[in-house]
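*Asks:* File follows, upload-v9.cif with mmCIF, C-alpha atoms and all ligand atoms; chains and numbers go by the auth columns:
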data_target
loop_
_atom_site.group_PDB
_atom_site.id
_atom_site.type_symbol
_atom_site.label_atom_id
_atom_site.label_comp_id
_atom_site.label_asym_id
_atom_site.label_seq_id
_atom_site.Cartn_x
_atom_site.Cartn_y
_atom_site.Cartn_z
_atom_site.B_iso_or_equiv
_atom_site.auth_seq_id
_atom_site.auth_asym_id
ATOM 1 C CA MET A 1 2.523 10.629 11.232 0.00 1 A
ATOM 2 C CA ALA A 2 0.797 12.275 8.267 0.00 2 A
ATOM 3 C CA GLN A 3 -1.383 14.046 10.828 0.00 3 A
ATOM 4 C CA VAL A 4 1.625 15.468 12.611 0.00 4 A
ATOM 5 C CA ARG A 5 3.040 16.655 9.323 0.00 5 A
ATOM 6 C CA ALA A 6 -0.238 18.433 8.549 0.00 6 A
ATOM 7 C CA LEU A 7 -0.116 20.143 11.931 0.00 7 A
ATOM 8 C CA GLU A 8 3.411 21.313 11.340 0.00 8 A
ATOM 9 C CA SER A 9 2.474 23.010 8.119 0.00 9 A
ATOM 10 C CA ARG A 10 -0.209 25.176 9.641 0.00 10 A
ATOM 11 C CA PRO A 11 0.481 28.922 9.664 0.00 11 A
ATOM 12 C CA ALA A 12 2.431 30.282 12.603 0.00 12 A
ATOM 13 C CA PRO A 13 0.441 32.139 15.283 0.00 13 A
ATOM 14 C CA SER A 14 -0.214 35.767 14.453 0.00 14 A
ATOM 15 C CA ALA A 15 2.856 37.926 14.902 0.00 15 A
ATOM 16 C CA SER A 16 0.658 40.787 16.102 0.00 16 A
ATOM 17 C CA ALA A 17 -0.199 38.959 19.331 0.00 17 A
ATOM 18 C CA SER A 18 1.366 40.629 22.342 0.00 18 A
ATOM 19 C CA PRO A 19 4.391 38.769 23.696 0.00 19 A
ATOM 20 C CA LEU A 20 3.724 40.092 27.196 0.00 20 A
ATOM 21 C CA SER A 21 2.585 36.884 28.799 0.00 21 A
ATOM 22 C CA LEU A 22 2.587 38.592 32.178 0.00 22 A
ATOM 23 C CA SER A 23 -0.517 40.483 31.075 0.00 23 A
ATOM 24 C CA THR A 24 -2.366 37.291 30.169 0.00 24 A
ATOM 25 C CA PRO A 25 -5.573 37.041 32.223 0.00 25 A
ATOM 26 C CA PRO A 26 -5.579 34.150 34.725 0.00 26 A
ATOM 27 C CA PRO A 27 -7.306 31.013 33.391 0.00 27 A
ATOM 28 C CA THR A 28 -10.868 30.263 34.466 0.00 28 A
ATOM 29 C CA PRO A 29 -11.744 26.872 36.004 0.00 29 A
ATOM 30 C CA THR A 30 -13.446 25.947 32.698 0.00 30 A
ATOM 31 C CA PHE A 31 -10.322 26.791 30.765 0.00 31 A
ATOM 32 C CA LEU A 32 -8.134 24.872 33.218 0.00 32 A
ATOM 33 C CA ALA A 33 -10.327 21.811 32.667 0.00 33 A
ATOM 34 C CA SER A 34 -9.970 22.132 28.899 0.00 34 A
ATOM 35 C CA TRP A 35 -6.205 22.588 29.326 0.00 35 A
ATOM 36 C CA LYS A 36 -5.978 19.424 31.413 0.00 36 A
ATOM 37 C CA ALA A 37 -8.024 17.480 28.857 0.00 37 A
ATOM 38 C CA ARG A 38 -5.810 18.750 26.068 0.00 38 A
ATOM 39 C CA THR A 39 -2.582 17.772 27.815 0.00 39 A
ATOM 40 C CA GLU A 40 -3.955 14.357 28.739 0.00 40 A
ATOM 41 C CA ALA A 41 -5.022 13.718 25.135 0.00 41 A
ATOM 42 C CA ARG A 42 -1.560 14.751 23.931 0.00 42 A
ATOM 43 C CA VAL A 43 0.099 12.424 26.433 0.00 43 A
ATOM 44 C CA ARG A 44 -2.077 9.561 25.187 0.00 44 A
ATOM 45 C CA HIS A 45 -1.123 10.412 21.627 0.00 45 A
ATOM 46 C CA PHE A 46 2.603 11.155 21.933 0.00 46 A
ATOM 47 C CA CYS A 47 3.563 9.013 24.939 0.00 47 A
ATOM 48 C CA ALA A 48 1.749 5.798 24.020 0.00 48 A
ATOM 49 C CA LEU A 49 3.518 2.439 24.139 0.00 49 A
ATOM 50 C CA ASN A 50 4.470 1.044 20.759 0.00 50 A
ATOM 51 C CA ARG A 51 4.077 -2.616 19.859 0.00 51 A
ATOM 52 C CA ALA A 52 7.322 -3.504 21.585 0.00 52 A
ATOM 53 C CA GLY A 53 6.101 -1.935 24.837 0.00 53 A
ATOM 54 C CA ASN A 54 8.285 1.143 24.566 0.00 54 A
ATOM 55 C CA ALA A 55 7.130 4.740 24.764 0.00 55 A
ATOM 56 C CA LEU A 56 9.762 7.027 23.227 0.00 56 A
ATOM 57 C CA CYS A 57 10.133 10.670 22.358 0.00 57 A
ATOM 58 C CA ALA A 58 10.505 11.366 18.632 0.00 58 A
ATOM 59 C CA TRP A 59 14.232 11.969 18.938 0.00 59 A
ATOM 60 C CA HIS A 60 15.003 8.700 20.690 0.00 60 A
ATOM 61 C CA ASP A 61 12.483 6.816 18.560 0.00 61 A
ATOM 62 C CA SER A 62 14.707 7.541 15.576 0.00 62 A
ATOM 63 C CA ARG A 63 17.892 6.276 17.275 0.00 63 A
ATOM 64 C CA ARG A 64 19.230 2.920 18.265 0.00 64 A
ATOM 65 C CA GLU A 65 20.671 3.982 21.603 0.00 65 A
ATOM 66 C CA ARG A 66 20.122 1.768 24.589 0.00 66 A
ATOM 67 C CA ARG A 67 16.839 2.683 26.317 0.00 67 A
ATOM 68 C CA ALA A 68 16.897 3.917 29.899 0.00 68 A
ATOM 69 C CA TYR A 69 14.131 1.468 30.903 0.00 69 A
ATOM 70 C CA PRO A 70 13.142 -1.988 29.593 0.00 70 A
ATOM 71 C CA PRO A 71 9.780 -2.329 27.794 0.00 71 A
ATOM 72 C CA ARG A 72 6.790 -1.442 30.009 0.00 72 A
ATOM 73 C CA MET A 73 9.133 -0.659 32.932 0.00 73 A
ATOM 74 C CA ALA A 74 9.348 3.147 32.753 0.00 74 A
ATOM 75 C CA PRO A 75 8.148 4.964 35.896 0.00 75 A
ATOM 76 C CA PRO A 76 4.921 7.012 35.717 0.00 76 A
ATOM 77 C CA GLY A 77 5.330 10.176 33.648 0.00 77 A
ATOM 78 C CA VAL A 78 8.563 8.917 32.083 0.00 78 A
ATOM 79 C CA LEU A 79 9.224 7.306 28.704 0.00 79 A
ATOM 80 C CA ASN A 80 11.443 4.295 28.078 0.00 80 A
ATOM 81 C CA CYS A 81 14.100 6.600 26.628 0.00 81 A
ATOM 82 C CA GLY A 82 14.293 8.434 29.965 0.00 82 A
ATOM 83 C CA CYS A 83 12.654 11.639 28.722 0.00 83 A
ATOM 84 C CA THR A 84 9.567 12.768 30.641 0.00 84 A
ATOM 85 C CA HIS A 85 6.081 13.163 29.186 0.00 85 A
ATOM 86 C CA ALA A 86 6.504 16.936 29.546 0.00 86 A
ATOM 87 C CA GLU A 87 9.748 16.798 27.558 0.00 87 A
ATOM 88 C CA ALA A 88 8.136 14.725 24.799 0.00 88 A
ATOM 89 C CA LEU A 89 5.227 17.160 24.528 0.00 89 A
ATOM 90 C CA PHE A 90 7.635 20.079 24.569 0.00 90 A
ATOM 91 C CA GLU A 91 9.555 18.500 21.689 0.00 91 A
ATOM 92 C CA GLU A 92 6.377 18.427 19.637 0.00 92 A
ATOM 93 C CA SER A 93 5.308 21.938 20.661 0.00 93 A
ATOM 94 C CA LEU A 94 8.668 23.358 19.639 0.00 94 A
ATOM 95 C CA ALA A 95 8.386 21.740 16.223 0.00 95 A
ATOM 96 C CA ARG A 96 4.858 23.102 15.804 0.00 96 A
ATOM 97 C CA ALA A 97 6.214 26.534 16.647 0.00 97 A
ATOM 98 C CA ARG A 98 8.870 25.954 13.963 0.00 98 A
ATOM 99 C CA VAL A 99 11.745 25.480 16.364 0.00 99 A
ATOM 100 C CA GLY A 100 13.363 22.461 14.738 0.00 100 A
ATOM 101 C CA SER A 101 11.490 19.532 13.252 0.00 101 A
ATOM 102 C CA TYR A 102 9.776 16.588 14.811 0.00 102 A
ATOM 103 C CA LEU A 103 10.205 13.904 12.174 0.00 103 A
ATOM 104 C CA PRO A 104 13.412 12.054 11.258 0.00 104 A
ATOM 105 C CA GLY A 105 15.064 13.273 8.100 0.00 105 A
ATOM 106 C CA GLU A 106 13.669 16.784 8.360 0.00 106 A
ATOM 107 C CA SER A 107 16.195 19.627 8.660 0.00 107 A
ATOM 108 C CA VAL A 108 17.212 20.479 12.227 0.00 108 A
ATOM 109 C CA ARG A 109 15.866 18.405 15.087 0.00 109 A
ATOM 110 C CA MET A 110 15.891 19.455 18.732 0.00 110 A
ATOM 111 C CA ASP A 111 18.484 17.368 20.567 0.00 111 A
ATOM 112 C CA PRO A 112 17.303 16.402 24.081 0.00 112 A
ATOM 113 C CA ALA A 113 20.572 17.882 25.399 0.00 113 A
ATOM 114 C CA LEU A 114 19.165 21.278 24.393 0.00 114 A
ATOM 115 C CA ARG A 115 15.459 20.561 24.592 0.00 115 A
ATOM 116 C CA ASN A 116 15.317 19.352 28.183 0.00 116 A
ATOM 117 C CA PRO A 117 17.297 22.158 29.861 0.00 117 A
ATOM 118 C CA LEU A 118 15.369 24.704 27.772 0.00 118 A
ATOM 119 C CA LEU A 119 12.119 23.290 29.101 0.00 119 A
ATOM 120 C CA LYS A 120 13.414 23.501 32.680 0.00 120 A
ATOM 121 C CA LEU A 121 14.419 27.097 32.122 0.00 121 A
ATOM 122 C CA LEU A 122 11.001 28.053 30.740 0.00 122 A
ATOM 123 C CA GLU A 123 9.255 26.201 33.557 0.00 123 A
ATOM 124 C CA ARG A 124 11.336 27.885 36.221 0.00 124 A
ATOM 125 C CA ARG A 125 11.243 31.401 34.847 0.00 125 A
ATOM 126 C CA TYR A 126 7.823 31.550 33.170 0.00 126 A
ATOM 127 C CA GLY A 127 5.893 28.654 34.677 0.00 127 A
ATOM 128 C CA TYR A 128 5.636 27.116 31.210 0.00 128 A
ATOM 129 C CA ARG A 129 3.217 24.235 30.803 0.00 129 A
ATOM 130 C CA ASP A 130 2.350 22.235 27.706 0.00 130 A
ATOM 131 C CA GLY A 131 -0.187 24.294 25.764 0.00 131 A
ATOM 132 C CA ASP A 132 1.222 27.707 26.665 0.00 132 A
ATOM 133 C CA PHE A 133 2.569 28.234 23.151 0.00 133 A
ATOM 134 C CA GLU A 134 -0.931 27.619 21.792 0.00 134 A
ATOM 135 C CA ARG A 135 -2.661 30.210 23.975 0.00 135 A
ATOM 136 C CA ASP A 136 -3.417 33.735 22.874 0.00 136 A
ATOM 137 C CA PRO A 137 -1.300 35.896 25.209 0.00 137 A
ATOM 138 C CA ARG A 138 -3.913 38.681 25.235 0.00 138 A
ATOM 139 C CA THR A 139 -6.984 36.642 26.123 0.00 139 A
ATOM 140 C CA GLY A 140 -5.346 33.566 27.691 0.00 140 A
ATOM 141 C CA GLY A 141 -7.681 31.405 25.560 0.00 141 A
ATOM 142 C CA TRP A 142 -6.750 28.876 22.892 0.00 142 A
ATOM 143 C CA ILE A 143 -5.596 30.104 19.527 0.00 143 A
ATOM 144 C CA GLU A 144 -8.276 29.040 17.079 0.00 144 A
ATOM 145 C CA GLY A 145 -8.219 25.283 16.484 0.00 145 A
ATOM 146 C CA GLU A 146 -5.665 24.653 19.264 0.00 146 A
ATOM 147 C CA GLY A 147 -8.012 23.505 22.033 0.00 147 A
ATOM 148 C CA PRO A 148 -8.443 19.914 23.223 0.00 148 A
ATOM 149 C CA ALA A 149 -10.835 18.805 20.441 0.00 149 A
ATOM 150 C CA MET A 150 -8.166 18.182 17.811 0.00 150 A
ATOM 151 C CA TRP A 151 -6.073 16.050 20.166 0.00 151 A
ATOM 152 C CA GLU A 152 -9.021 14.082 21.422 0.00 152 A
ATOM 153 C CA GLN A 153 -9.982 13.329 17.804 0.00 153 A
ATOM 154 C CA LEU A 154 -6.429 12.308 16.930 0.00 154 A
ATOM 155 C CA GLN A 155 -6.432 9.965 19.864 0.00 155 A
ATOM 156 C CA ARG A 156 -9.650 8.300 18.758 0.00 156 A
ATOM 157 C CA GLY A 157 -8.352 7.971 15.201 0.00 157 A
ATOM 158 C CA SER A 158 -4.840 6.767 15.974 0.00 158 A
ATOM 159 C CA GLY A 159 -5.688 3.411 17.591 0.00 159 A
ATOM 160 C CA ARG A 160 -2.244 3.121 19.116 0.00 160 A
ATOM 161 C CA ARG A 161 -3.579 1.501 22.268 0.00 161 A
HETATM 162 ZN ZN ZN B . 13.630 10.688 24.633 0.00 201 A
#
Would you mind giving the structure from this file in structure tokens?
Ligand SMILES: [Zn+2]
*Replies:*
Amino acid sequence: MAQVRALESRPAPSASASPLSLSTPPPTPTFLASWKARTEARVRHFCALNRAGNALCAWHDSRRERRAYPPRMAPPGVLNCGCTHAEALFEESLARARVGSYLPGESVRMDPALRNPLLKLLERRYGYRDGDFERDPRTGGWIEGEGPAMWEQLQRGSGRR
């Protein structure tokens, strides 16, 4: 978790970047492959089973509510808490963009009751996918240091599986 904390404290993306995502150039096949690798590495990192056989988003991991699915019984792409992989990654992306916090005990956290409909809205209106917040809207490429390498390294170092 120290790694996540370090990520959260990095400077916010440059405010001078254009917000006009509609002008972002379409991704190349090479970039799409790096995007896929990045998302897959993040899923392995943030959606991994814990020792009890549960995969949970950060919000539900900090609560004692009844889980939607018994250990190891969640359907593909879904966590034991009932949140999807996309929702769990979105939770972390929001926190990295300074919209709420990811870790228990830290100021405001993004309740799934807000987080999940917000994700649906962004997906429907803007075609949001995990990683979009970490792309430079002018070039469509990764903001420096935000490509797949960091996540693939985290995965190797975390040993959660
Ligand atoms: Zn959850």
*Asks:* From the options A:Thr30, A:Leu49, A:Trp151, A:His85, which residue's atoms come nearest to Pro70 of chain A, counting all atoms listed in the file?
*Replies:*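 Counting all atoms listed in the file, the residue closest to Pro70 of chain A is A:Leu49.
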*Asks:* Need to verify the contact set: segment 112-119 of chain A, 7 Å, only C-alpha atoms, exclusion of same-chain residues closer than 2 positions in sequence. Can you return it as number ranges by chain?
*Replies:* A: 87, 91, 110, 121-123
*Asks:* When distances are computed from all atoms listed in the file, which of A:Arg129, A:Arg96, A:Arg51, A:Arg135 shows the smallest separation from Arg72 of chain A?
*Replies:*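 With all atoms listed in the file as the atom set, the closest residue is A:Arg51.
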*Asks:* Pull the closest atom pair for each residue of chain A that gets at most 9 Å from ligand ZN 201 (chain A), along with the distance in Å to one decimal, counting all atoms listed in the file, ordering rows by chain and then ascending residue number, as JSON lines.
*Replies:*
{"residue": "A:Ala55", "atom": "CA", "partner": "A:ZN201", "partner_atom": "ZN", "distance": 8.8}
{"residue": "A:Leu56", "atom": "CA", "partner": "A:ZN201", "partner_atom": "ZN", "distance": 5.5}
{"residue": "A:Cys57", "atom": "CA", "partner": "A:ZN201", "partner_atom": "ZN", "distance": 4.2}
{"residue": "A:Ala58", "atom": "CA", "partner": "A:ZN201", "partner_atom": "ZN", "distance": 6.8}
{"residue": "A:Trp59", "atom": "CA", "partner": "A:ZN201", "partner_atom": "ZN", "distance": 5.9}
{"residue": "A:His60", "atom": "CA", "partner": "A:ZN201", "partner_atom": "ZN", "distance": 4.6}
{"residue": "A:Asp61", "atom": "CA", "partner": "A:ZN201", "partner_atom": "ZN", "distance": 7.3}
{"residue": "A:Arg67", "atom": "CA", "partner": "A:ZN201", "partner_atom": "ZN", "distance": 8.8}
{"residue": "A:Leu79", "atom": "CA", "partner": "A:ZN201", "partner_atom": "ZN", "distance": 6.9}
{"residue": "A:Asn80", "atom": "CA", "partner": "A:ZN201", "partner_atom": "ZN", "distance": 7.6}
{"residue": "A:Cys81", "atom": "CA", "partner": "A:ZN201", "partner_atom": "ZN", "distance": 4.6}
{"residue": "A:Gly82", "atom": "CA", "partner": "A:ZN201", "partner_atom": "ZN", "distance": 5.8}
{"residue": "A:Cys83", "atom": "CA", "partner": "A:ZN201", "partner_atom": "ZN", "distance": 4.3}
{"residue": "A:Thr84", "atom": "CA", "partner": "A:ZN201", "partner_atom": "ZN", "distance": 7.5}
{"residue": "A:Glu87", "atom": "CA", "partner": "A:ZN201", "partner_atom": "ZN", "distance": 7.8}
{"residue": "A:Ala88", "atom": "CA", "partner": "A:ZN201", "partner_atom": "ZN", "distance": 6.8}
{"residue": "A:Pro112", "atom": "CA", "partner": "A:ZN201", "partner_atom": "ZN", "distance": 6.8}
*Asks:* Leaving out Ala41 of chain A and any residue of its chain fewer than 2 positions from it, which residues lie within 9 Å of it when counting only C-alpha atoms, given as a VMD selection string?
*Replies:* chain A and resid 36 to 39 43 to 46 148 151 to 155
*Asks:* Name all residues at most 10 Å from Ile143 of chain A (count only C-alpha atoms; drop same-chain ones fewer than 3 positions away) and give them as a PyMOL selection string.
*Replies:* chain A and resi 13-14+133-137+139-140+146-147
*Asks:* What is the atom CA of Met150 of chain A to atom CA of Pro76 of chain A distance in Å?
*Replies:*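 Atom-to-atom, atom CA of Met150 of chain A to atom CA of Pro76 of chain A, that is 24.8 Å.
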*Asks:* Point out the residue among A:Arg109, A:Arg42, A:Arg64, A:Arg124 with the least atom-to-atom distance to Leu89 of chain A, counting all atoms listed in the file.
*Replies:*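 Counting all atoms listed in the file, the residue closest to Leu89 of chain A is A:Arg42.
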*Asks:* If I put a ball of radius 12 Å at (-7.4, 31.3, 33.5) in the file's coordinates, which residues poke into it when counting only C-alpha atoms, written as a PyMOL selection string?
*Replies:* chain A and resi 23-35+132+135-142
*Asks:* Report the distance between atom CA of Pro104 of chain A and atom CA of Arg66 of chain A in Å, rounded to one decimal place.
*Replies:*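 Between these atoms lies a distance of 18.1 Å.
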*Asks:* May I ask for the distance between atom CA of Ala95 of chain A and atom CA of Tyr126 of chain A, given in Å to one decimal place?
*Replies:* 19.6 Å
*Asks:* Could you add the missing atoms to segment 72-95 of chain A, up to N, CA and C atoms, and return them as a tab-separated table (two decimals), keeping the file's coordinate frame?
*Replies:*
chain	number	residue	atom	x	y	z
A	72	ARG	N	7.86	-1.52	28.99
A	72	ARG	CA	6.79	-1.44	30.01
A	72	ARG	C	7.30	-1.18	31.43
A	73	MET	N	8.57	-0.82	31.59
A	73	MET	CA	9.13	-0.66	32.93
A	73	MET	C	9.45	0.80	33.28
A	74	ALA	N	9.06	1.74	32.44
A	74	ALA	CA	9.35	3.15	32.75
A	74	ALA	C	8.44	3.61	33.90
A	75	PRO	N	8.98	4.44	34.81
A	75	PRO	CA	8.15	4.96	35.90
A	75	PRO	C	7.04	5.86	35.35
A	76	PRO	N	6.01	6.15	36.17
A	76	PRO	CA	4.92	7.01	35.72
A	76	PRO	C	5.45	8.38	35.26
A	77	GLY	N	4.93	8.86	34.14
A	77	GLY	CA	5.33	10.18	33.65
A	77	GLY	C	6.65	10.20	32.91
A	78	VAL	N	7.26	9.00	32.75
A	78	VAL	CA	8.56	8.92	32.08
A	78	VAL	C	8.46	7.92	30.93
A	79	LEU	N	9.19	8.19	29.86
A	79	LEU	CA	9.22	7.31	28.70
A	79	LEU	C	10.37	6.31	28.84
A	80	ASN	N	10.37	5.30	28.01
A	80	ASN	CA	11.44	4.30	28.08
A	80	ASN	C	12.81	4.87	27.74
A	81	CYS	N	12.82	5.97	26.98
A	81	CYS	CA	14.10	6.60	26.63
A	81	CYS	C	14.65	7.42	27.79
A	82	GLY	N	13.84	7.64	28.83
A	82	GLY	CA	14.29	8.43	29.96
A	82	GLY	C	13.79	9.86	29.93
A	83	CYS	N	13.27	10.31	28.79
A	83	CYS	CA	12.65	11.64	28.72
A	83	CYS	C	11.30	11.58	29.44
A	84	THR	N	10.87	12.73	29.97
A	84	THR	CA	9.57	12.77	30.64
A	84	THR	C	8.46	13.04	29.63
A	85	HIS	N	7.21	12.82	30.05
A	85	HIS	CA	6.08	13.16	29.19
A	85	HIS	C	6.14	14.64	28.82
A	86	ALA	N	6.46	15.49	29.81
A	86	ALA	CA	6.50	16.94	29.55
A	86	ALA	C	7.55	17.26	28.48
A	87	GLU	N	8.69	16.55	28.54
A	87	GLU	CA	9.75	16.80	27.56
A	87	GLU	C	9.32	16.33	26.16
A	88	ALA	N	8.61	15.22	26.10
A	88	ALA	CA	8.14	14.72	24.80
A	88	ALA	C	7.11	15.69	24.20
A	89	LEU	N	6.22	16.21	25.03
A	89	LEU	CA	5.23	17.16	24.53
A	89	LEU	C	5.90	18.47	24.12
A	90	PHE	N	6.90	18.85	24.88
A	90	PHE	CA	7.64	20.08	24.57
A	90	PHE	C	8.33	19.95	23.22
A	91	GLU	N	8.90	18.78	22.96
A	91	GLU	CA	9.56	18.50	21.69
A	91	GLU	C	8.58	18.76	20.53
A	92	GLU	N	7.36	18.27	20.70
A	92	GLU	CA	6.38	18.43	19.64
A	92	GLU	C	5.91	19.88	19.54
A	93	SER	N	5.74	20.54	20.68
A	93	SER	CA	5.31	21.94	20.66
A	93	SER	C	6.34	22.84	20.00
A	94	LEU	N	7.61	22.57	20.27
A	94	LEU	CA	8.67	23.36	19.64
A	94	LEU	C	8.59	23.21	18.12
A	95	ALA	N	8.43	21.98	17.66
A	95	ALA	CA	8.39	21.74	16.22
A	95	ALA	C	7.17	22.43	15.61
